[in-house]
$ cat target07.txt   # compact mmCIF, C-alpha atoms and all ligand atoms
# COMPACT_ATOMS: atom_id res chain seq x y z
CA MET A 1 -54.68 41.36 173.21
CA THR A 2 -53.57 42.46 169.72
CA SER A 3 -53.23 39.93 166.90
CA GLN A 4 -49.44 40.42 166.93
CA GLU A 5 -49.28 39.63 170.61
CA SER A 6 -51.43 36.53 170.02
CA GLU A 7 -48.94 35.09 167.41
CA THR A 8 -47.02 32.13 168.67
CA PRO A 9 -43.19 32.13 168.29
CA ARG A 10 -43.59 29.45 165.60
CA GLU A 11 -45.88 31.67 163.51
CA LYS A 12 -43.49 34.57 164.00
CA THR A 13 -40.60 32.48 162.65
CA LYS A 14 -42.74 31.43 159.65
CA GLN A 15 -43.65 35.06 158.96
CA SER A 16 -40.04 36.25 159.09
CA ARG A 17 -38.98 33.38 156.81
CA ARG A 18 -41.66 34.40 154.34
CA THR A 19 -40.44 38.01 154.40
CA VAL A 20 -36.82 36.93 153.86
CA GLY A 21 -37.98 34.63 151.03
CA GLN A 22 -39.87 37.45 149.35
CA PHE A 23 -36.86 39.73 149.75
CA LEU A 24 -34.52 37.15 148.18
CA GLN A 25 -37.01 36.53 145.37
CA LYS A 26 -37.04 40.27 144.62
CA ILE A 27 -33.22 40.34 144.52
CA LYS A 28 -33.21 37.30 142.22
CA LEU A 29 -35.74 38.88 139.85
CA SER A 30 -33.81 42.14 139.82
CA ILE A 31 -30.52 40.28 139.05
CA LEU A 32 -32.24 38.28 136.29
CA GLU A 33 -33.66 41.47 134.81
CA ARG A 34 -30.33 43.29 134.88
CA THR A 35 -28.34 40.37 133.50
CA ARG A 36 -30.75 39.50 130.68
CA PRO A 37 -28.37 40.66 127.88
CA TYR A 38 -25.44 38.78 129.43
CA ARG A 39 -27.52 35.65 129.85
CA ARG A 40 -28.25 35.69 126.14
CA ILE A 41 -24.49 35.76 125.48
CA HIS A 42 -24.08 32.91 127.95
CA TYR A 43 -26.84 30.98 126.16
CA TRP A 44 -25.18 31.41 122.78
CA THR A 45 -21.73 30.56 124.17
CA LYS A 46 -23.20 27.43 125.73
CA LYS A 47 -24.95 26.56 122.47
CA ALA A 48 -21.72 27.03 120.51
CA PHE A 49 -19.93 24.78 123.00
CA ASP A 50 -22.71 22.18 122.82
CA GLU A 51 -22.50 22.29 119.05
CA LEU A 52 -18.77 21.74 119.25
CA LEU A 53 -19.40 18.69 121.38
CA ALA A 54 -22.25 17.59 119.09
CA ILE A 55 -20.03 17.22 116.07
CA ARG A 56 -17.65 15.50 118.39
CA ILE A 57 -14.36 17.06 119.24
CA THR A 58 -12.39 14.19 117.74
CA ARG A 59 -13.99 14.59 114.34
CA PHE A 60 -13.53 18.34 114.46
CA PHE A 61 -9.79 18.03 115.12
CA ILE A 62 -9.30 15.37 112.46
CA GLN A 63 -11.10 17.64 109.98
CA LEU A 64 -8.98 20.60 111.08
CA ILE A 65 -5.68 18.70 110.75
CA MET A 66 -6.68 17.39 107.31
CA PHE A 67 -7.78 20.86 106.22
CA LEU A 68 -4.37 22.25 107.19
CA LEU A 69 -2.47 19.40 105.52
CA LEU A 70 -4.49 19.71 102.31
CA ASN A 71 -3.81 23.45 102.20
CA TRP A 72 -0.25 23.17 103.40
CA VAL A 73 1.23 25.58 100.86
CA ALA A 74 -1.01 28.34 102.24
CA ILE A 75 0.28 27.57 105.75
CA THR A 76 3.86 27.96 104.59
CA TRP A 77 2.95 31.31 102.94
CA ILE A 78 1.40 32.58 106.16
CA LEU A 79 4.24 31.35 108.39
CA GLY A 80 7.00 32.22 105.95
CA TYR A 81 8.60 28.78 106.34
CA ASP A 82 7.62 25.11 106.19
CA PRO A 83 7.30 23.68 109.71
CA LEU A 84 7.15 20.13 108.33
CA LEU A 85 10.55 20.55 106.72
CA SER A 86 12.15 22.64 109.47
CA SER A 87 11.11 20.61 112.50
CA PRO A 88 12.96 17.31 113.02
CA LEU A 89 9.96 16.10 115.02
CA LEU A 90 7.50 16.66 112.17
CA LEU A 91 9.87 15.72 109.36
CA GLY A 92 8.63 12.15 109.62
CA ILE A 93 5.15 13.05 108.37
CA GLY A 94 6.39 15.53 105.75
CA TRP A 95 6.05 12.83 103.08
CA LEU A 96 2.28 12.76 103.61
CA VAL A 97 1.71 16.17 102.02
CA PRO A 98 3.24 15.64 98.56
CA THR A 99 1.89 12.07 98.50
CA PHE A 100 -1.64 13.47 98.37
CA GLY A 101 -0.73 15.12 95.08
CA TYR A 102 -0.66 11.80 93.19
CA ILE A 103 -3.86 10.15 94.38
CA PRO A 104 -7.36 11.21 93.28
CA LEU A 105 -9.03 11.95 96.60
CA PRO A 106 -12.51 10.65 97.56
CA TYR A 107 -13.83 14.13 98.36
CA VAL A 108 -13.73 17.58 96.80
CA MET A 109 -10.38 19.16 96.04
CA PRO A 110 -10.39 21.16 92.81
CA HIS A 111 -7.43 20.85 90.50
CA GLY A 112 -5.13 23.85 90.21
CA ASN A 113 -5.35 24.72 93.90
CA PRO A 114 -2.25 26.93 94.30
CA ALA A 115 -2.32 26.70 98.08
CA GLY A 116 -2.83 22.98 98.48
CA THR A 117 -2.12 19.47 97.39
CA GLY A 118 -4.12 16.77 95.69
CA VAL A 119 -7.13 16.64 93.43
CA GLY A 120 -10.61 15.27 94.10
CA PHE A 121 -11.58 12.17 92.12
CA LEU A 122 -14.41 13.89 90.24
CA ASP A 123 -12.02 16.56 88.99
CA ALA A 124 -9.45 13.89 88.11
CA LEU A 125 -12.14 11.85 86.37
CA THR A 126 -13.42 14.79 84.29
CA LEU A 127 -9.94 16.12 83.44
CA ILE A 128 -8.55 12.76 82.36
CA GLY A 129 -11.80 11.61 80.73
CA ALA A 130 -12.15 14.85 78.74
CA SER A 131 -8.61 14.40 77.40
CA GLY A 132 -9.69 11.18 75.69
CA VAL A 133 -8.06 8.77 78.18
CA PHE A 134 -10.03 6.29 80.28
CA PRO A 135 -9.72 7.43 83.95
CA TYR A 136 -8.97 4.00 85.53
CA LEU A 137 -7.55 5.22 88.82
CA ALA A 138 -10.13 7.95 89.49
CA LEU A 139 -12.98 5.60 88.57
CA GLY A 140 -11.49 2.82 90.71
CA ILE A 141 -11.32 5.15 93.70
CA ALA A 142 -14.86 6.39 93.03
CA LEU A 143 -16.07 2.77 93.17
CA LEU A 144 -13.88 1.13 95.79
CA VAL A 145 -13.54 3.74 98.55
CA PRO A 146 -17.28 4.31 99.07
CA ALA A 147 -18.01 0.58 98.68
CA ILE A 148 -15.66 -0.14 101.61
CA LEU A 149 -15.68 2.99 103.76
CA GLY A 150 -18.98 4.58 102.76
CA ARG A 151 -18.94 8.36 102.76
CA SER A 152 -16.74 8.58 105.84
CA PHE A 153 -14.35 10.88 103.93
CA CYS A 154 -17.24 13.35 103.57
CA GLY A 155 -17.88 13.29 107.28
CA TRP A 156 -14.32 13.28 108.55
CA ILE A 157 -11.92 14.67 105.94
CA CYS A 158 -13.47 16.68 103.10
CA PRO A 159 -12.15 20.25 103.47
CA PHE A 160 -15.31 21.86 102.10
CA GLY A 161 -17.46 19.74 104.41
CA PHE A 162 -15.29 21.08 107.24
CA VAL A 163 -15.82 24.69 106.09
CA GLN A 164 -19.60 24.12 106.30
CA ASP A 165 -19.29 22.46 109.72
CA VAL A 166 -17.36 25.50 110.96
CA CYS A 167 -20.16 27.78 109.66
CA SER A 168 -22.72 25.78 111.63
CA LEU A 169 -20.74 26.37 114.85
CA THR A 170 -21.78 30.03 114.86
CA PRO A 171 -24.41 30.92 117.46
CA ILE A 172 -27.23 30.97 114.94
CA ARG A 173 -30.09 28.57 115.40
CA THR A 174 -29.95 26.00 112.60
CA ARG A 175 -33.19 25.28 110.74
CA THR A 176 -34.52 22.03 109.34
CA PRO A 177 -36.14 22.47 105.93
CA SER A 178 -39.31 20.49 105.34
CA ARG A 179 -38.90 17.00 103.96
CA GLN A 180 -40.47 17.98 100.65
CA THR A 181 -38.07 20.93 100.21
CA ASN A 182 -35.12 18.79 101.22
CA ASP A 183 -36.07 15.99 98.81
CA ASN A 184 -36.66 18.41 95.95
CA LEU A 185 -33.37 20.22 96.47
CA SER A 186 -31.49 16.91 96.85
CA SER A 187 -32.09 16.07 93.21
CA ILE A 188 -29.96 19.08 92.11
CA LYS A 189 -26.74 17.20 92.85
CA TYR A 190 -27.71 14.31 90.58
CA VAL A 191 -28.55 16.74 87.75
CA ILE A 192 -25.12 18.42 88.15
CA LEU A 193 -23.40 15.03 88.28
CA GLY A 194 -25.25 13.90 85.13
CA ILE A 195 -24.33 17.08 83.19
CA THR A 196 -20.68 16.86 84.35
CA LEU A 197 -20.33 13.22 83.27
CA LEU A 198 -22.16 13.86 80.00
CA PHE A 199 -19.78 16.70 79.12
CA THR A 200 -16.80 14.53 80.05
CA VAL A 201 -17.85 11.56 77.93
CA TRP A 202 -18.81 13.79 75.01
CA LEU A 203 -15.60 15.80 75.12
CA GLY A 204 -13.48 12.69 75.72
CA PHE A 205 -15.04 10.97 72.70
CA TRP A 206 -14.44 13.94 70.40
CA THR A 207 -10.89 14.31 71.71
CA PHE A 208 -10.31 10.60 71.07
CA LEU A 209 -11.48 11.13 67.48
CA GLY A 210 -9.27 14.22 67.20
CA ILE A 211 -12.15 16.58 66.32
CA ASP A 212 -12.48 18.38 69.62
CA GLU A 213 -10.96 21.76 68.69
CA ALA A 214 -14.17 23.58 67.74
CA PHE A 215 -16.09 22.03 70.64
CA ARG A 216 -13.44 23.14 73.15
CA THR A 217 -13.52 26.68 71.74
CA THR A 218 -17.31 26.75 72.15
CA LEU A 219 -17.12 25.48 75.73
CA GLY A 220 -14.45 28.03 76.69
CA PRO A 221 -13.44 27.71 80.36
CA PHE A 222 -15.86 24.76 80.80
CA ALA A 223 -13.74 22.62 78.49
CA THR A 224 -11.36 21.59 81.31
CA ALA A 225 -13.29 20.39 84.33
CA PHE A 226 -16.92 21.41 83.87
CA TRP A 227 -18.06 21.70 87.50
CA SER A 228 -14.80 23.13 88.97
CA VAL A 229 -15.30 26.28 86.93
CA LEU A 230 -18.53 27.01 88.82
CA SER A 231 -18.24 25.13 92.08
CA PRO A 232 -18.00 27.00 95.38
CA GLU A 233 -15.11 24.75 96.47
CA GLY A 234 -13.30 25.72 93.24
CA THR A 235 -13.84 29.38 94.17
CA PHE A 236 -12.74 28.81 97.76
CA PHE A 237 -9.64 26.71 97.09
CA VAL A 238 -8.54 27.93 93.64
CA LEU A 239 -10.04 31.23 92.52
CA ILE A 240 -9.63 33.20 95.77
CA PRO A 241 -6.00 32.06 96.38
CA LEU A 242 -5.19 32.89 92.73
CA LEU A 243 -6.78 36.35 92.99
CA ALA A 244 -4.83 36.89 96.22
CA LEU A 245 -1.57 35.76 94.57
CA GLN A 246 -2.17 38.14 91.66
CA GLY A 247 -2.77 41.01 94.12
CA HIS A 248 -6.44 41.41 93.19
CA ILE A 249 -7.59 40.88 96.76
CA SER A 250 -5.73 41.44 99.97
CA PRO A 251 -6.74 41.59 103.63
CA TYR A 252 -5.15 45.07 103.88
CA ILE A 253 -6.12 46.95 100.72
CA THR A 254 -9.33 46.92 98.68
CA ARG A 255 -8.39 47.14 95.03
CA TRP A 256 -11.65 48.43 93.60
CA GLY A 257 -10.10 49.08 90.15
CA LEU A 258 -9.01 45.46 89.77
CA MET A 259 -12.27 44.15 91.19
CA LEU A 260 -14.27 46.14 88.66
CA SER A 261 -12.29 44.47 85.88
CA TRP A 262 -13.56 41.01 86.89
CA GLY A 263 -15.82 39.31 84.37
CA PRO A 264 -19.35 38.03 85.13
CA LEU A 265 -18.08 34.46 85.70
CA ILE A 266 -15.84 35.56 88.60
CA TRP A 267 -18.66 37.55 90.19
CA PHE A 268 -21.08 34.68 89.72
CA ARG A 269 -18.65 32.28 91.41
CA LEU A 270 -18.00 34.60 94.34
CA ILE A 271 -21.71 35.26 94.88
CA PHE A 272 -22.46 31.52 94.66
CA LEU A 273 -19.83 30.80 97.31
CA VAL A 274 -21.17 33.53 99.60
CA ILE A 275 -24.71 32.16 99.24
CA ILE A 276 -23.56 28.65 100.17
CA LEU A 277 -21.59 29.89 103.18
CA LEU A 278 -24.50 32.06 104.35
CA LEU A 279 -26.86 29.12 103.92
CA ALA A 280 -24.49 26.97 105.98
CA LEU A 281 -25.07 29.33 108.91
CA PHE A 282 -28.73 28.27 109.01
CA VAL A 283 -28.81 24.75 107.56
CA ARG A 284 -26.19 22.09 108.27
CA ARG A 285 -24.14 21.03 105.24
CA PRO A 286 -26.40 22.55 102.54
CA TYR A 287 -23.83 22.01 99.80
CA CYS A 288 -23.34 18.33 100.68
CA ARG A 289 -27.09 17.74 100.96
CA TRP A 290 -28.22 19.38 97.78
CA ILE A 291 -25.47 20.32 95.34
CA CYS A 292 -22.18 18.42 95.59
CA PRO A 293 -21.82 16.03 92.59
CA THR A 294 -18.85 14.32 94.26
CA GLY A 295 -21.08 13.47 97.22
CA ALA A 296 -23.81 12.31 94.80
CA LEU A 297 -21.40 9.90 93.09
CA LEU A 298 -20.03 8.66 96.43
CA GLY A 299 -23.60 8.19 97.64
CA LEU A 300 -24.45 5.93 94.70
CA PHE A 301 -21.69 3.48 95.60
CA SER A 302 -21.74 3.87 99.40
CA ARG A 303 -25.30 2.63 99.82
CA PHE A 304 -24.12 -0.90 100.55
CA SER A 305 -20.71 -0.07 102.00
CA LEU A 306 -18.96 -2.42 104.39
CA LEU A 307 -18.51 0.32 107.00
CA GLY A 308 -21.78 1.72 108.25
CA ILE A 309 -24.09 2.33 111.16
CA SER A 310 -26.80 0.17 112.64
CA ARG A 311 -29.75 0.87 114.97
CA ARG A 312 -30.33 -1.69 117.68
CA PRO A 313 -33.97 -2.52 118.44
CA ALA A 314 -33.16 -3.68 122.01
CA GLU A 315 -32.01 -0.18 123.05
CA CYS A 316 -34.63 1.65 121.00
CA PRO A 317 -37.74 -0.51 121.54
CA GLY A 318 -40.34 -0.01 118.85
CA GLY A 319 -38.63 3.22 117.77
CA SER A 320 -40.49 4.83 120.68
CA CYS A 321 -37.77 7.32 121.65
CA GLU A 322 -39.52 10.66 122.03
CA SER A 323 -36.46 12.83 121.63
CA GLN A 324 -35.62 11.48 118.15
CA ARG A 325 -32.23 13.11 118.68
CA CYS A 326 -30.52 10.81 116.15
CA GLN A 327 -32.73 12.15 113.39
CA LYS A 328 -32.78 15.76 114.53
CA GLU A 329 -29.01 15.96 114.80
CA CYS A 330 -28.27 14.43 111.42
CA PRO A 331 -26.52 17.04 109.23
CA MET A 332 -27.66 15.21 106.08
CA ALA A 333 -31.34 14.93 107.10
CA VAL A 334 -31.21 11.12 107.03
CA LYS A 335 -34.45 9.73 108.45
CA VAL A 336 -32.73 7.38 110.86
CA MET A 337 -35.91 6.53 112.79
CA GLU A 338 -37.78 5.57 109.64
CA ALA A 339 -35.10 3.23 108.33
CA PRO A 340 -35.56 -0.50 108.98
CA TRP A 341 -33.93 -1.95 112.08
CA GLY A 342 -30.32 -2.93 111.85
CA ARG A 343 -27.94 -1.72 109.18
CA LEU A 344 -28.74 1.71 107.70
CA TYR A 345 -28.51 1.69 103.91
CA ASN A 346 -28.61 5.31 102.86
CA GLY A 347 -26.40 7.03 100.29
CA ASP A 348 -26.72 10.36 102.11
CA CYS A 349 -25.15 9.12 105.36
CA ILE A 350 -21.67 10.62 105.73
CA LEU A 351 -20.83 8.51 108.80
CA CYS A 352 -20.26 11.59 110.92
CA LEU A 353 -21.65 9.69 113.95
CA ASP A 354 -23.51 12.72 115.30
CA CYS A 355 -26.56 10.47 115.66
CA ARG A 356 -24.55 8.03 117.76
CA ALA A 357 -23.11 10.85 119.89
CA LYS A 358 -26.58 12.30 120.56
CA CYS A 359 -28.65 9.12 121.00
CA PRO A 360 -29.72 9.08 124.68
CA ARG A 361 -30.10 5.28 124.60
CA ASN A 362 -26.85 4.44 122.89
CA ALA A 363 -28.82 2.56 120.24
CA ILE A 364 -26.60 3.40 117.26
CA GLU A 365 -23.47 1.41 116.65
CA VAL A 366 -20.76 1.36 114.01
CA VAL A 367 -20.60 -1.86 112.01
CA PHE A 368 -18.03 -3.35 109.67
CA PRO A 369 -19.06 -5.05 107.49
S1 LIG A 401 -20.72 15.92 99.84
FE1 LIG A 401 -19.09 16.93 98.69
S2 LIG A 401 -18.57 18.79 99.85
FE2 LIG A 401 -19.80 17.47 101.17
S3 LIG A 401 -18.30 16.35 102.32
FE3 LIG A 401 -18.82 15.05 100.56
S4 LIG A 401 -17.35 15.56 98.96
FE4 LIG A 401 -17.25 17.17 100.54
S1 LIG A 402 -27.30 9.07 109.90
FE1 LIG A 402 -25.91 9.48 111.62
S2 LIG A 402 -23.86 9.03 110.84
FE2 LIG A 402 -25.24 9.22 109.04
S3 LIG A 402 -25.06 11.39 108.43
FE3 LIG A 402 -26.81 11.25 109.81
S4 LIG A 402 -25.96 11.71 111.85
FE4 LIG A 402 -24.22 11.25 110.51
$ encode --input "target07.txt" --output "structure tokens"
Amino acid sequence: MTSQESETPREKTKQSRRTVGQFLQKIKLSILERTRPYRRIHYWTKKAFDELLAIRITRFFIQLIMFLLLNWVAITWILGYDPLLSSPLLLGIGWLVPTFGYIPLPYVMPHGNPAGTGVGFLDALTLIGASGVFPYLALGIALLVPAILGRSFCGWICPFGFVQDVCSLTPIRTRTPSRQTNDNLSSIKYVILGITLLFTVWLGFWTFLGIDEAFRTTLGPFATAFWSVLSPEGTFFVLIPLLALQGHISPYITRWGLMLSWGPLIWFRLIFLVIILLLALFVRRPYCRWICPTGALLGLFSRFSLLGISRRPAECPGGSCESQRCQKECPMAVKVMEAPWGRLYNGDCILCLDCRAKCPRNAIEVVFP
């Protein structure tokens, strides 16, 4: 009797199953091999979608709507008409847009934006202060808004914060700089804030005394609002729209002759903006973390704000959560896990709630006060 003849029907069934299994495994491996490039695309699409969910769809749409409202003039240029004024349905909220123009805003919006409305409080503060007048309203907003609402405007409304969030949606793996690097770079914003305020007080004092002429001539373009002349948001919201309006740049034609006539300050500003936007592809909110003086000033007064977040020890016993998602997902590199239990007092927190959205134990809650 041969070995095949001696096999029982049960063994035969097992053998044929094994053969079918091996055959299917081969097909699977071949499909996986052939679809490798497409799977990468799928991975990145999934990551982009996850990221979209991570910053929470609600926040994203609020940021988008506010970005459009704050740059409403540009929308009317693109569309060729003003939908807020032409649609009876939207007419009701049309008043919102010009209203922004009169209130110093608790986030960045450089003065002189030809495509938008409003001015950020730091710009208002420096402009008014440098003209020798005490900036009551801008200073009041700089104190009161963060003391009540923290830096929620940074997380939910600031148009330049939104631009950086959009950059971080690209399918590029974001990096987390080491703590030492992050801490070192974080001090830049306080240095910029200090220099900006120093210039403002100095210029304001000389203007008040009526002896500011020579000083203003020496400062040149920096005599208006010191930081706006260099800031990437100033380049994004003021310089580029102005250059476009003057026909220097256009999406259709490259005007090399005009571009070559630009001075070093324009080139410096454009390169600075490009660096920040490129950095934002790899690190979340680099400008907010390290450079923005508006954020630095808001952070000083938002430390003990009424609105904030709190970590509950009952849901996160002993801080033993292995994933540490709250900390890893924080765009401002706030060390949530290292903060004491309960209310988080940190001037860098922009109340974006990404930590709350990502916490697997639902241990983070919003508190007021
Ligand atoms: S830190 Fe500055 S740029 Fe960032 S969101 Fe706040 S105001 Fe805007
Ligand atoms: S601690 Fe939470 S709410 Fe604050 S910035 Fe980080 S992720 Fe956003």
$ closest_atom_pairs --input "target07.txt" --of "stretch 118-186 of chain A" --to "stretch 333-353 of chain A" --cutoff "10 Å" --atoms "all atoms listed in the file" --output "CSV"
residue,atom,partner,partner_atom,distance
A:Pro146,CA,A:Gly347,CA,9.6
A:Leu149,CA,A:Leu351,CA,9.1
A:Gly150,CA,A:Ile350,CA,7.2
A:Arg151,CA,A:Ile350,CA,4.6
A:Ser152,CA,A:Leu351,CA,5.0
A:Phe153,CA,A:Ile350,CA,7.5
A:Cys154,CA,A:Ile350,CA,5.6
A:Gly155,CA,A:Cys352,CA,4.7
A:Trp156,CA,A:Cys352,CA,6.6
A:Thr176,CA,A:Ala333,CA,8.1
A:Pro177,CA,A:Ala333,CA,9.0
A:Ser178,CA,A:Ala333,CA,9.9
A:Arg179,CA,A:Ala333,CA,8.4
A:Asn182,CA,A:Ala333,CA,8.0
A:Asp183,CA,A:Ala333,CA,9.6
A:Ser186,CA,A:Asp348,CA,9.7
$ residues_near_ligand --input "target07.txt" --ligand "ligand LIG 401 (chain A)" --cutoff "6 Å" --atoms "only C-alpha atoms and all ligand atoms" --output "JSON, numbers by chain"
{"A": [107, 108, 154, 155, 158, 160, 161, 288, 292, 294, 295]}
$ write_last_selection --input "target07.txt" --atoms "C-alpha atoms" --output "compact mmCIF listing (two decimals), keeping the file's coordinate frame"
# COMPACT_ATOMS: atom_id res chain seq x y z
CA TYR A 107 -13.83 14.13 98.36
CA VAL A 108 -13.73 17.58 96.80
CA CYS A 154 -17.24 13.35 103.57
CA GLY A 155 -17.88 13.29 107.28
CA CYS A 158 -13.47 16.68 103.10
CA PHE A 160 -15.31 21.86 102.10
CA GLY A 161 -17.46 19.74 104.41
CA CYS A 288 -23.34 18.33 100.68
CA CYS A 292 -22.18 18.42 95.59
CA THR A 294 -18.85 14.32 94.26
CA GLY A 295 -21.08 13.47 97.22
$ axis_aligned_box --input "target07.txt" --around "ligand LIG 402 (chain A)" --padding-each-side "3 Å" --output "JSON"
{"center_x": -25.6, "center_y": 10.4, "center_z": 110.1, "size_x": 9.4, "size_y": 8.7, "size_z": 9.4}
$ residues_around --input "target07.txt" --residues "stretch 198-209 of chain A" --least-positions-apart "3" --cutoff "12 Å" --atoms "all atoms listed in the file" --output "ChimeraX atom specification"
/A:122-135,190-195,212-219,222-227
$ atom_distance --input "target07.txt" --atom1 "atom CA of A:Ala280" --atom2 "atom CA of A:Phe60"
16.3 Å
$ closest_residue --input "target07.txt" --among "A:Lys189, A:Arg361, A:Arg325, A:Lys12" --to "ligand LIG 402 (chain A)" --atoms "all atoms listed in the file"
A:Arg325
$ closest_residue --input "target07.txt" --among "A:Asn184, A:Thr58, A:Ser302, A:Ser310" --to "A:Trp290" --atoms "only C-alpha atoms"
A:Asn184
$ residues_around --input "target07.txt" --residues "A:Arg173" --least-positions-apart "4" --cutoff "9 Å" --atoms "all atoms listed in the file" --output "list in words"
Lys47, Ser168, Leu281, Phe282 and Val283 of chain A
$ atom_distance --input "target07.txt" --atom1 "atom FE1 of ligand LIG 402 (chain A)" --atom2 "atom CA of A:Ile309"
7.4 Å
$ atom_distance --input "target07.txt" --atom1 "atom FE3 of ligand LIG 402 (chain A)" --atom2 "atom CA of A:Ile364"
10.8 Å
